[in-house]
$ cat target.pdb   # PDB, C-alpha atoms
ATOM      1  CA  MET C  93     -12.375  18.088 -19.701
ATOM      2  CA  PRO C  94     -14.198  15.484 -17.555
ATOM      3  CA  ILE C  95     -12.290  12.281 -16.791
ATOM      4  CA  ILE C  96     -13.938   8.892 -17.228
ATOM      5  CA  ALA C  97     -11.761   6.237 -15.561
ATOM      6  CA  ILE C  98     -11.857   2.557 -16.479
ATOM      7  CA  PRO C  99      -9.257   0.751 -14.314
ATOM      8  CA  THR C 100      -7.471  -2.229 -15.845
ATOM      9  CA  THR C 101      -6.116  -3.490 -12.509
ATOM     10  CA  ALA C 102      -7.553  -3.761  -9.004
ATOM     11  CA  GLY C 103      -4.869  -1.822  -7.228
ATOM     12  CA  THR C 104      -4.297   1.906  -7.398
ATOM     13  CA  GLY C 105      -7.873   3.000  -6.840
ATOM     14  CA  SER C 106      -7.006   6.120  -8.840
ATOM     15  CA  GLU C 107     -10.489   6.109 -10.355
ATOM     16  CA  GLY C 108     -11.648   7.577  -7.055
ATOM     17  CA  THR C 109      -8.742   9.738  -5.919
ATOM     18  CA  VAL C 110      -7.382  13.267  -6.216
ATOM     19  CA  ALA C 111      -3.798  12.093  -6.713
ATOM     20  CA  ALA C 112      -1.355  11.300  -9.490
ATOM     21  CA  VAL C 113       2.324  10.344  -9.249
ATOM     22  CA  VAL C 114       5.111  11.451 -11.561
ATOM     23  CA  SER C 115       8.566   9.859 -11.581
ATOM     24  CA  ASP C 116      11.549  12.227 -11.767
ATOM     25  CA  VAL C 117      14.177  10.002 -13.383
ATOM     26  CA  GLU C 118      17.065  12.450 -12.989
ATOM     27  CA  SER C 119      16.635  13.076  -9.262
ATOM     28  CA  LYS C 120      15.415   9.520  -8.557
ATOM     29  CA  MET C 121      12.302  10.797  -6.828
ATOM     30  CA  LYS C 122       8.584  10.304  -7.182
ATOM     31  CA  ARG C 123       6.487  13.428  -6.861
ATOM     32  CA  SER C 124       2.772  13.497  -6.218
ATOM     33  CA  ILE C 125       0.234  15.843  -7.768
ATOM     34  CA  THR C 126      -2.976  16.441  -5.843
ATOM     35  CA  ASP C 127      -5.878  18.310  -7.354
ATOM     36  CA  PRO C 128      -9.674  17.897  -7.149
ATOM     37  CA  PHE C 129      -9.790  18.178 -10.947
ATOM     38  CA  LEU C 130      -8.042  14.795 -11.117
ATOM     39  CA  VAL C 131     -11.068  13.067  -9.607
ATOM     40  CA  PRO C 132     -12.884  11.246 -12.424
ATOM     41  CA  LYS C 133     -16.476  12.232 -13.096
ATOM     42  CA  VAL C 134     -17.314   8.598 -13.807
ATOM     43  CA  ALA C 135     -15.607   5.352 -12.784
ATOM     44  CA  VAL C 136     -16.437   2.172 -14.687
ATOM     45  CA  LEU C 137     -15.509  -1.017 -12.810
ATOM     46  CA  ASP C 138     -15.558  -3.807 -15.373
ATOM     47  CA  PRO C 139     -14.154  -7.145 -14.147
ATOM     48  CA  ASP C 140     -14.096  -8.520 -17.702
ATOM     49  CA  ILE C 141     -11.185  -6.187 -18.489
ATOM     50  CA  MET C 142      -9.145  -7.765 -15.680
ATOM     51  CA  LEU C 143      -9.763 -11.433 -16.504
ATOM     52  CA  GLY C 144      -6.516 -11.819 -18.432
ATOM     53  CA  LEU C 145      -4.309  -9.951 -15.967
ATOM     54  CA  PRO C 146      -1.140 -11.982 -15.196
ATOM     55  CA  ALA C 147      -0.978 -13.570 -11.744
ATOM     56  CA  GLN C 148       2.024 -11.573 -10.547
ATOM     57  CA  ILE C 149       0.448  -8.250 -11.493
ATOM     58  CA  THR C 150      -2.818  -9.380  -9.906
ATOM     59  CA  ALA C 151      -0.971 -10.105  -6.652
ATOM     60  CA  GLU C 152       1.071  -6.904  -6.586
ATOM     61  CA  THR C 153      -1.754  -4.548  -7.502
ATOM     62  CA  GLY C 154      -3.990  -6.281  -4.970
ATOM     63  CA  ALA C 155      -1.326  -5.728  -2.322
ATOM     64  CA  ASP C 156      -1.297  -2.051  -3.287
ATOM     65  CA  ALA C 157      -5.038  -1.847  -2.607
ATOM     66  CA  LEU C 158      -4.543  -3.636   0.709
ATOM     67  CA  THR C 159      -1.887  -1.099   1.704
ATOM     68  CA  HIS C 160      -4.169   1.796   0.788
ATOM     69  CA  ALA C 161      -6.952   0.433   2.971
ATOM     70  CA  ILE C 162      -4.708  -0.295   5.957
ATOM     71  CA  GLU C 163      -2.796   2.982   5.874
ATOM     72  CA  SER C 164      -6.048   4.899   5.474
ATOM     73  CA  TYR C 165      -7.533   3.270   8.571
ATOM     74  CA  LEU C 166      -4.384   3.982  10.594
ATOM     75  CA  SER C 167      -4.278   7.607   9.457
ATOM     76  CA  GLN C 168      -4.988  10.304  12.006
ATOM     77  CA  TYR C 169      -7.388  11.776   9.422
ATOM     78  CA  SER C 170      -9.570   8.668   9.295
ATOM     79  CA  ASN C 171     -13.280   8.996   9.953
ATOM     80  CA  SER C 172     -16.340   6.768  10.066
ATOM     81  CA  PHE C 173     -16.783   6.850   6.266
ATOM     82  CA  THR C 174     -13.165   5.998   5.439
ATOM     83  CA  GLU C 175     -13.020   3.359   8.172
ATOM     84  CA  THR C 176     -16.076   1.635   6.705
ATOM     85  CA  CYS C 177     -14.488   1.678   3.239
ATOM     86  CA  SER C 178     -11.163   0.398   4.594
ATOM     87  CA  ILE C 179     -12.633  -2.493   6.543
ATOM     88  CA  SER C 180     -14.826  -3.545   3.613
ATOM     89  CA  ALA C 181     -11.839  -3.436   1.257
ATOM     90  CA  ILE C 182      -9.493  -5.351   3.583
ATOM     91  CA  LYS C 183     -12.031  -8.120   4.170
ATOM     92  CA  ALA C 184     -12.701  -8.475   0.443
ATOM     93  CA  ILE C 185      -9.004  -8.564  -0.401
ATOM     94  CA  PHE C 186      -8.358 -11.333   2.124
ATOM     95  CA  ASP C 187     -11.341 -13.267   0.773
ATOM     96  CA  TYR C 188     -10.917 -12.782  -2.973
ATOM     97  CA  LEU C 189      -7.332 -11.839  -3.880
ATOM     98  CA  PRO C 190      -6.033 -15.431  -3.534
ATOM     99  CA  ALA C 191      -8.783 -16.649  -5.874
ATOM    100  CA  ALA C 192      -8.076 -13.902  -8.422
ATOM    101  CA  TYR C 193      -4.372 -14.750  -8.216
ATOM    102  CA  GLN C 194      -4.802 -18.499  -8.539
ATOM    103  CA  GLN C 195      -7.583 -18.447 -11.120
ATOM    104  CA  GLY C 196      -7.481 -15.268 -13.156
ATOM    105  CA  SER C 197     -10.715 -16.117 -14.951
ATOM    106  CA  ASP C 198     -12.711 -16.080 -11.705
ATOM    107  CA  LYS C 199     -15.099 -13.266 -12.564
ATOM    108  CA  VAL C 200     -16.588 -13.016  -9.076
ATOM    109  CA  ALA C 201     -13.142 -12.620  -7.526
ATOM    110  CA  ARG C 202     -12.198 -10.011 -10.137
ATOM    111  CA  GLU C 203     -15.391  -8.056  -9.466
ATOM    112  CA  LYS C 204     -14.903  -8.130  -5.694
ATOM    113  CA  MET C 205     -11.296  -6.994  -6.070
ATOM    114  CA  ALA C 206     -12.314  -4.140  -8.391
ATOM    115  CA  ILE C 207     -14.772  -2.909  -5.788
ATOM    116  CA  ALA C 208     -12.255  -3.342  -2.974
ATOM    117  CA  SER C 209      -9.637  -1.330  -4.851
ATOM    118  CA  TYR C 210     -12.182   1.428  -5.478
ATOM    119  CA  GLU C 211     -13.216   1.482  -1.810
ATOM    120  CA  ALA C 212      -9.581   1.676  -0.729
ATOM    121  CA  GLY C 213      -9.103   4.579  -3.137
ATOM    122  CA  LEU C 214     -12.126   6.405  -1.726
ATOM    123  CA  ALA C 215     -10.643   5.944   1.740
ATOM    124  CA  PHE C 216      -7.033   6.986   1.239
ATOM    125  CA  THR C 217      -7.793   9.989  -0.962
ATOM    126  CA  ARG C 218      -9.481  11.460   2.125
ATOM    127  CA  THR C 219      -6.938  10.378   4.732
ATOM    128  CA  TYR C 220      -3.621  10.227   2.863
ATOM    129  CA  ILE C 221      -1.167   7.378   3.255
ATOM    130  CA  GLY C 222       1.824   6.583   5.487
ATOM    131  CA  TYR C 223       5.327   5.211   5.824
ATOM    132  CA  VAL C 224       4.714   2.151   3.655
ATOM    133  CA  HIS C 225       4.118   4.376   0.662
ATOM    134  CA  ALA C 226       6.825   6.850   1.623
ATOM    135  CA  ILE C 227       9.418   4.059   1.630
ATOM    136  CA  ALA C 228       7.971   2.240  -1.397
ATOM    137  CA  HIS C 229       8.104   5.448  -3.442
ATOM    138  CA  GLN C 230      11.854   5.633  -2.897
ATOM    139  CA  LEU C 231      12.352   1.999  -3.915
ATOM    140  CA  GLY C 232      10.365   2.660  -7.070
ATOM    141  CA  ALA C 233      12.231   5.855  -7.905
ATOM    142  CA  PHE C 234      15.704   4.423  -7.224
ATOM    143  CA  TYR C 235      15.369   0.885  -8.561
ATOM    144  CA  HIS C 236      12.098   0.851 -10.541
ATOM    145  CA  VAL C 237      10.610  -1.735  -8.195
ATOM    146  CA  PRO C 238       6.918  -2.037  -9.154
ATOM    147  CA  HIS C 239       4.881   0.017  -6.706
ATOM    148  CA  GLY C 240       2.572  -2.748  -5.523
ATOM    149  CA  ARG C 241       5.482  -5.119  -4.937
ATOM    150  CA  ALA C 242       7.392  -2.489  -2.966
ATOM    151  CA  ASN C 243       4.323  -1.791  -0.831
ATOM    152  CA  ALA C 244       3.782  -5.490  -0.194
ATOM    153  CA  ILE C 245       7.382  -6.035   0.917
ATOM    154  CA  VAL C 246       7.457  -2.992   3.194
ATOM    155  CA  LEU C 247       3.955  -3.340   4.669
ATOM    156  CA  PRO C 248       4.591  -6.020   7.334
ATOM    157  CA  HIS C 249       7.678  -4.177   8.580
ATOM    158  CA  VAL C 250       5.835  -0.889   9.040
ATOM    159  CA  LEU C 251       2.929  -2.700  10.712
ATOM    160  CA  ARG C 252       5.316  -4.356  13.183
ATOM    161  CA  PHE C 253       6.964  -0.987  13.844
ATOM    162  CA  THR C 254       3.520   0.450  14.561
ATOM    163  CA  ALA C 255       2.534  -2.512  16.742
ATOM    164  CA  GLN C 256       5.685  -2.113  18.848
ATOM    165  CA  ARG C 257       4.332   1.298  19.844
ATOM    166  CA  ASP C 258       1.091  -0.319  21.084
ATOM    167  CA  ASN C 259      -0.776   1.833  18.602
ATOM    168  CA  ALA C 260      -4.449   2.058  19.499
ATOM    169  CA  ARG C 261      -5.653   2.437  15.905
ATOM    170  CA  LEU C 262      -3.851  -0.718  14.782
ATOM    171  CA  THR C 263      -5.395  -2.603  17.693
ATOM    172  CA  GLN C 264      -8.814  -1.179  16.820
ATOM    173  CA  LEU C 265      -8.435  -2.224  13.176
ATOM    174  CA  SER C 266      -7.321  -5.732  14.141
ATOM    175  CA  LEU C 267     -10.310  -6.213  16.441
ATOM    176  CA  ALA C 268     -12.714  -4.788  13.856
ATOM    177  CA  LEU C 269     -11.473  -7.381  11.368
ATOM    178  CA  GLY C 270     -12.061 -10.206  13.858
ATOM    179  CA  TYR C 271      -8.499 -10.828  15.049
ATOM    180  CA  LYS C 272      -7.634 -11.217  18.725
ATOM    181  CA  ASP C 273      -4.829  -8.662  18.526
ATOM    182  CA  SER C 274      -2.554  -6.782  16.115
ATOM    183  CA  ALA C 275       0.048  -9.569  16.144
ATOM    184  CA  GLN C 276      -2.478 -12.040  14.733
ATOM    185  CA  PHE C 277      -3.579  -9.530  12.105
ATOM    186  CA  ILE C 278       0.007  -8.897  10.970
ATOM    187  CA  ASP C 279       0.689 -12.640  10.869
ATOM    188  CA  ASN C 280      -2.288 -13.056   8.548
ATOM    189  CA  VAL C 281      -1.093 -10.200   6.332
ATOM    190  CA  GLU C 282       2.231 -12.009   5.985
ATOM    191  CA  SER C 283       0.472 -15.317   5.301
ATOM    192  CA  LEU C 284      -1.539 -13.689   2.518
ATOM    193  CA  LEU C 285       1.593 -12.203   0.951
ATOM    194  CA  ARG C 286       3.357 -15.582   1.102
ATOM    195  CA  ALA C 287       0.373 -17.223  -0.610
ATOM    196  CA  LEU C 288       0.770 -14.627  -3.364
ATOM    197  CA  ASN C 289       4.491 -15.422  -3.688
ATOM    198  CA  ILE C 290       5.468 -11.858  -2.842
ATOM    199  CA  PRO C 291       9.237 -11.646  -2.177
ATOM    200  CA  THR C 292      10.490 -10.485   1.214
ATOM    201  CA  VAL C 293      13.617  -8.652   0.066
ATOM    202  CA  ILE C 294      14.608  -6.104  -2.577
ATOM    203  CA  PRO C 295      17.427  -7.645  -4.661
ATOM    204  CA  GLU C 296      18.183  -4.259  -6.230
ATOM    205  CA  LEU C 297      18.626  -2.545  -2.855
ATOM    206  CA  ASN C 298      22.159  -1.236  -2.351
ATOM    207  CA  LYS C 299      23.330  -0.848   1.241
ATOM    208  CA  SER C 300      25.121   2.397   0.420
ATOM    209  CA  ASP C 301      21.831   3.921  -0.772
ATOM    210  CA  ILE C 302      19.978   3.264   2.475
ATOM    211  CA  PRO C 303      20.852   6.579   4.227
ATOM    212  CA  ARG C 304      19.553   8.587   1.267
ATOM    213  CA  LEU C 305      16.484   6.392   0.843
ATOM    214  CA  ALA C 306      15.601   6.742   4.512
ATOM    215  CA  LYS C 307      16.145  10.488   4.517
ATOM    216  CA  GLN C 308      13.896  10.981   1.478
ATOM    217  CA  ALA C 309      11.202   8.667   2.835
ATOM    218  CA  ILE C 310      10.998  10.505   6.152
ATOM    219  CA  LYS C 311      11.064  13.845   4.332
ATOM    220  CA  GLU C 312       8.141  12.751   2.152
ATOM    221  CA  ALA C 313       6.094  11.636   5.138
ATOM    222  CA  PHE C 314       6.950  14.444   7.553
ATOM    223  CA  GLY C 315       4.263  17.097   7.809
ATOM    224  CA  GLU C 316       2.218  15.612   4.962
ATOM    225  CA  TYR C 317       1.205  12.094   5.943
ATOM    226  CA  PRO C 318      -0.859  11.831   9.167
ATOM    227  CA  VAL C 319       0.991   8.712  10.298
ATOM    228  CA  PRO C 320      -0.134   6.843  13.420
ATOM    229  CA  GLU C 321       3.390   6.789  14.890
ATOM    230  CA  GLU C 322       6.492   8.846  14.120
ATOM    231  CA  MET C 323       9.519   7.114  12.617
ATOM    232  CA  THR C 324      13.031   8.561  12.781
ATOM    233  CA  VAL C 325      15.524   8.438   9.926
ATOM    234  CA  ALA C 326      17.592   5.943  11.939
ATOM    235  CA  GLU C 327      14.578   3.686  12.428
ATOM    236  CA  CYS C 328      13.806   3.899   8.721
ATOM    237  CA  GLN C 329      17.388   2.942   7.903
ATOM    238  CA  GLN C 330      17.074  -0.064  10.195
ATOM    239  CA  LEU C 331      13.844  -1.107   8.488
ATOM    240  CA  LEU C 332      15.399  -0.779   5.043
ATOM    241  CA  SER C 333      18.370  -2.874   6.132
ATOM    242  CA  THR C 334      16.019  -5.812   6.718
ATOM    243  CA  LEU C 335      15.092  -5.664   3.013
ATOM    244  CA  LEU C 336      18.651  -6.318   1.803
ATOM    245  CA  ASP C 337      19.129  -9.535  -0.158
ATOM    246  CA  THR C 338      21.681 -11.418   1.931
ATOM    247  CA  GLY C 339      21.182 -14.683   0.094
ATOM    248  CA  VAL C 340      19.454 -16.261   3.097
ATOM    249  CA  HIS C 341      15.660 -16.380   2.828
TER     250      HIS C 341
END
$ encode --input "target.pdb" --output "structure tokens"
Amino acid sequence: MPIIAIPTTAGTGSEGTVAAVVSDVESKMKRSITDPFLVPKVAVLDPDIMLGLPAQITAETGADALTHAIESYLSQYSNSFTETCSISAIKAIFDYLPAAYQQGSDKVAREKMAIASYEAGLAFTRTYIGYVHAIAHQLGAFYHVPHGRANAIVLPHVLRFTAQRDNARLTQLSLALGYKDSAQFIDNVESLLRALNIPTVIPELNKSDIPRLAKQAIKEAFGEYPVPEEMTVAECQQLLSTLLDTGVH
């Protein structure tokens, strides 16, 4: 049975991917299904459908698309086609997501975001994702944190982890986008997320869960995600600890 996909948000990019995600409520895990038969035969990008999307959902799904594009570019499987898609998507998201968030009836912004989400989907379905998604999947499975929000909160932390390793691909991406270095690029990612009122902590996060969350995140990524730098379980635990709601923001 051919699939015709009509996305109602500019986020997952699933209208162009081979992947689907299923939540296992009992084990508190998210499991992915990958199959070429999941790729839609036709994708219809209609911005009119997205005009009434609430601002928060607009922001969080847009951040999901941004994460797809960035993690795809940083992937060791990236190539000239996926890099072109990623850069186009990232630029469009920086240019049009604030407008779509602030004025949901902005049809041009909605159209540009729909295309950006699709491009990010085309990119990451060929390159896979990375630690941002691996960690965000655990937060979604454990605490039902919306996927885009979890990605948005985790993204700057994983980018800074990658930058600390002087990663060449992150530097290359930053320069390709017109930034002087990766630090400036990451600062602008954080500025965008602040403008979208994305939180910086996970109120639901329980300190006692962190060892299990970190272990499952690293297990998900290991051997499957072509990450630009390797993260240990201890480093993942440290990252997760920065997401605790201490009451001081």
$ atom_distance --input "target.pdb" --atom1 "atom CA of C:Val319" --atom2 "atom CA of C:Ala97"
28.9 Å
$ closest_residue --input "target.pdb" --among "C:Leu247, C:Ser266, C:Met142, C:Ile302" --to "C:Val200" --atoms "only C-alpha atoms"
C:Met142
$ closest_residue --input "target.pdb" --among "C:Glu211, C:Glu152, C:Glu316, C:Asp127" --to "C:Ser178" --atoms "all atoms listed in the file"
C:Glu211
$ closest_residue --input "target.pdb" --among "C:Val224, C:Ser274, C:Glu203, C:Asn171" --to "C:Ala260" --atoms "only C-alpha atoms"
C:Ser274
$ residues_around --input "target.pdb" --residues "stretch 234-245 of chain C" --least-positions-apart "2" --cutoff "10 Å" --atoms "all atoms listed in the file" --output "MDAnalysis selection string"
chainID C and resid 103:104 115:122 148:160 223:232 247:250 281:282 285 290:298 301 305 335
$ write_last_selection --input "target.pdb" --atoms "C-alpha atoms" --output "CSV table (one decimal), in the coordinates of the input"
chain,number,residue,atom,x,y,z
C,103,GLY,CA,-4.9,-1.8,-7.2
C,104,THR,CA,-4.3,1.9,-7.4
C,115,SER,CA,8.6,9.9,-11.6
C,116,ASP,CA,11.5,12.2,-11.8
C,117,VAL,CA,14.2,10.0,-13.4
C,118,GLU,CA,17.1,12.4,-13.0
C,119,SER,CA,16.6,13.1,-9.3
C,120,LYS,CA,15.4,9.5,-8.6
C,121,MET,CA,12.3,10.8,-6.8
C,122,LYS,CA,8.6,10.3,-7.2
C,148,GLN,CA,2.0,-11.6,-10.5
C,149,ILE,CA,0.4,-8.2,-11.5
C,150,THR,CA,-2.8,-9.4,-9.9
C,151,ALA,CA,-1.0,-10.1,-6.7
C,152,GLU,CA,1.1,-6.9,-6.6
C,153,THR,CA,-1.8,-4.5,-7.5
C,154,GLY,CA,-4.0,-6.3,-5.0
C,155,ALA,CA,-1.3,-5.7,-2.3
C,156,ASP,CA,-1.3,-2.1,-3.3
C,157,ALA,CA,-5.0,-1.8,-2.6
C,158,LEU,CA,-4.5,-3.6,0.7
C,159,THR,CA,-1.9,-1.1,1.7
C,160,HIS,CA,-4.2,1.8,0.8
C,223,TYR,CA,5.3,5.2,5.8
C,224,VAL,CA,4.7,2.2,3.7
C,225,HIS,CA,4.1,4.4,0.7
C,226,ALA,CA,6.8,6.8,1.6
C,227,ILE,CA,9.4,4.1,1.6
C,228,ALA,CA,8.0,2.2,-1.4
C,229,HIS,CA,8.1,5.4,-3.4
C,230,GLN,CA,11.9,5.6,-2.9
C,231,LEU,CA,12.4,2.0,-3.9
C,232,GLY,CA,10.4,2.7,-7.1
C,247,LEU,CA,4.0,-3.3,4.7
C,248,PRO,CA,4.6,-6.0,7.3
C,249,HIS,CA,7.7,-4.2,8.6
C,250,VAL,CA,5.8,-0.9,9.0
C,281,VAL,CA,-1.1,-10.2,6.3
C,282,GLU,CA,2.2,-12.0,6.0
C,285,LEU,CA,1.6,-12.2,1.0
C,290,ILE,CA,5.5,-11.9,-2.8
C,291,PRO,CA,9.2,-11.6,-2.2
C,292,THR,CA,10.5,-10.5,1.2
C,293,VAL,CA,13.6,-8.7,0.1
C,294,ILE,CA,14.6,-6.1,-2.6
C,295,PRO,CA,17.4,-7.6,-4.7
C,296,GLU,CA,18.2,-4.3,-6.2
C,297,LEU,CA,18.6,-2.5,-2.9
C,298,ASN,CA,22.2,-1.2,-2.4
C,301,ASP,CA,21.8,3.9,-0.8
C,305,LEU,CA,16.5,6.4,0.8
C,335,LEU,CA,15.1,-5.7,3.0
$ closest_residue --input "target.pdb" --among "C:Phe253, C:Tyr188, C:Ser283, C:Thr217" --to "C:Leu130" --atoms "only C-alpha atoms"
C:Thr217
$ closest_residue --input "target.pdb" --among "C:Ile125, C:Leu288, C:Ile98, C:Leu189" --to "C:Ala111" --atoms "only C-alpha atoms"
C:Ile125
$ atom_distance --input "target.pdb" --atom1 "atom CA of C:Ser180" --atom2 "atom CA of C:Phe216"
13.3 Å
$ residues_around --input "target.pdb" --residues "C:Ala208" --least-positions-apart "4" --cutoff "7 Å" --atoms "only C-alpha atoms" --output "short mmCIF file (atom, residue, chain, number, x, y, z; two decimals) with C-alpha atoms, in the coordinates of the input"
data_model
loop_
_atom_site.label_atom_id
_atom_site.label_comp_id
_atom_site.auth_asym_id
_atom_site.auth_seq_id
_atom_site.Cartn_x
_atom_site.Cartn_y
_atom_site.Cartn_z
CA ALA C 181 -11.84 -3.44 1.26
CA ALA C 184 -12.70 -8.48 0.44
CA ILE C 185 -9.00 -8.56 -0.40
CA LYS C 204 -14.90 -8.13 -5.69
CA ALA C 212 -9.58 1.68 -0.73
#
$ atom_distance --input "target.pdb" --atom1 "atom CA of C:Ile96" --atom2 "atom CA of C:Gln195"
28.7 Å
$ residues_around --input "target.pdb" --residues "C:Asp138" --least-positions-apart "5" --cutoff "10 Å" --atoms "all atoms listed in the file" --output "list in words"
Ile98, Pro99, Thr100, Thr101, Leu143, Lys199, Arg202, Glu203, Ala206 and Ile207 of chain C
$ residues_near_point --input "target.pdb" --point "(-12.1, 5.7, -3.4)" --cutoff "9 Å" --atoms "all atoms listed in the file" --output "list of chain:residue names"
C:Gly105, C:Ser106, C:Glu107, C:Gly108, C:Thr109, C:Thr174, C:Cys177, C:Ser209, C:Tyr210, C:Glu211, C:Ala212, C:Gly213, C:Leu214, C:Ala215, C:Phe216, C:Thr217, C:Arg218
$ residues_around --input "target.pdb" --residues "C:Leu166" --least-positions-apart "4" --cutoff "8 Å" --atoms "only C-alpha atoms" --output "VMD selection string"
chain C and resid 162 170 261 to 262 265 319 to 320
$ closest_residue --input "target.pdb" --among "C:Val134, C:Ala112, C:Ile179, C:Met93" --to "C:Leu269" --atoms "all atoms listed in the file"
C:Ile179
$ resolve_selection --input "target.pdb" --expression "the PyMOL selection byres ((chain C and resi 329) around 9)" --output "ChimeraX atom specification"
/C:302-307,324-328,330-334
$ axis_aligned_box --input "target.pdb" --around "stretch 329-339 of chain C" --padding-each-side "5 Å" --output "AutoDock Vina command-line options"
--center_x 17.8 --center_y -5.9 --center_z 5.0 --size_x 17.8 --size_y 27.6 --size_z 20.4
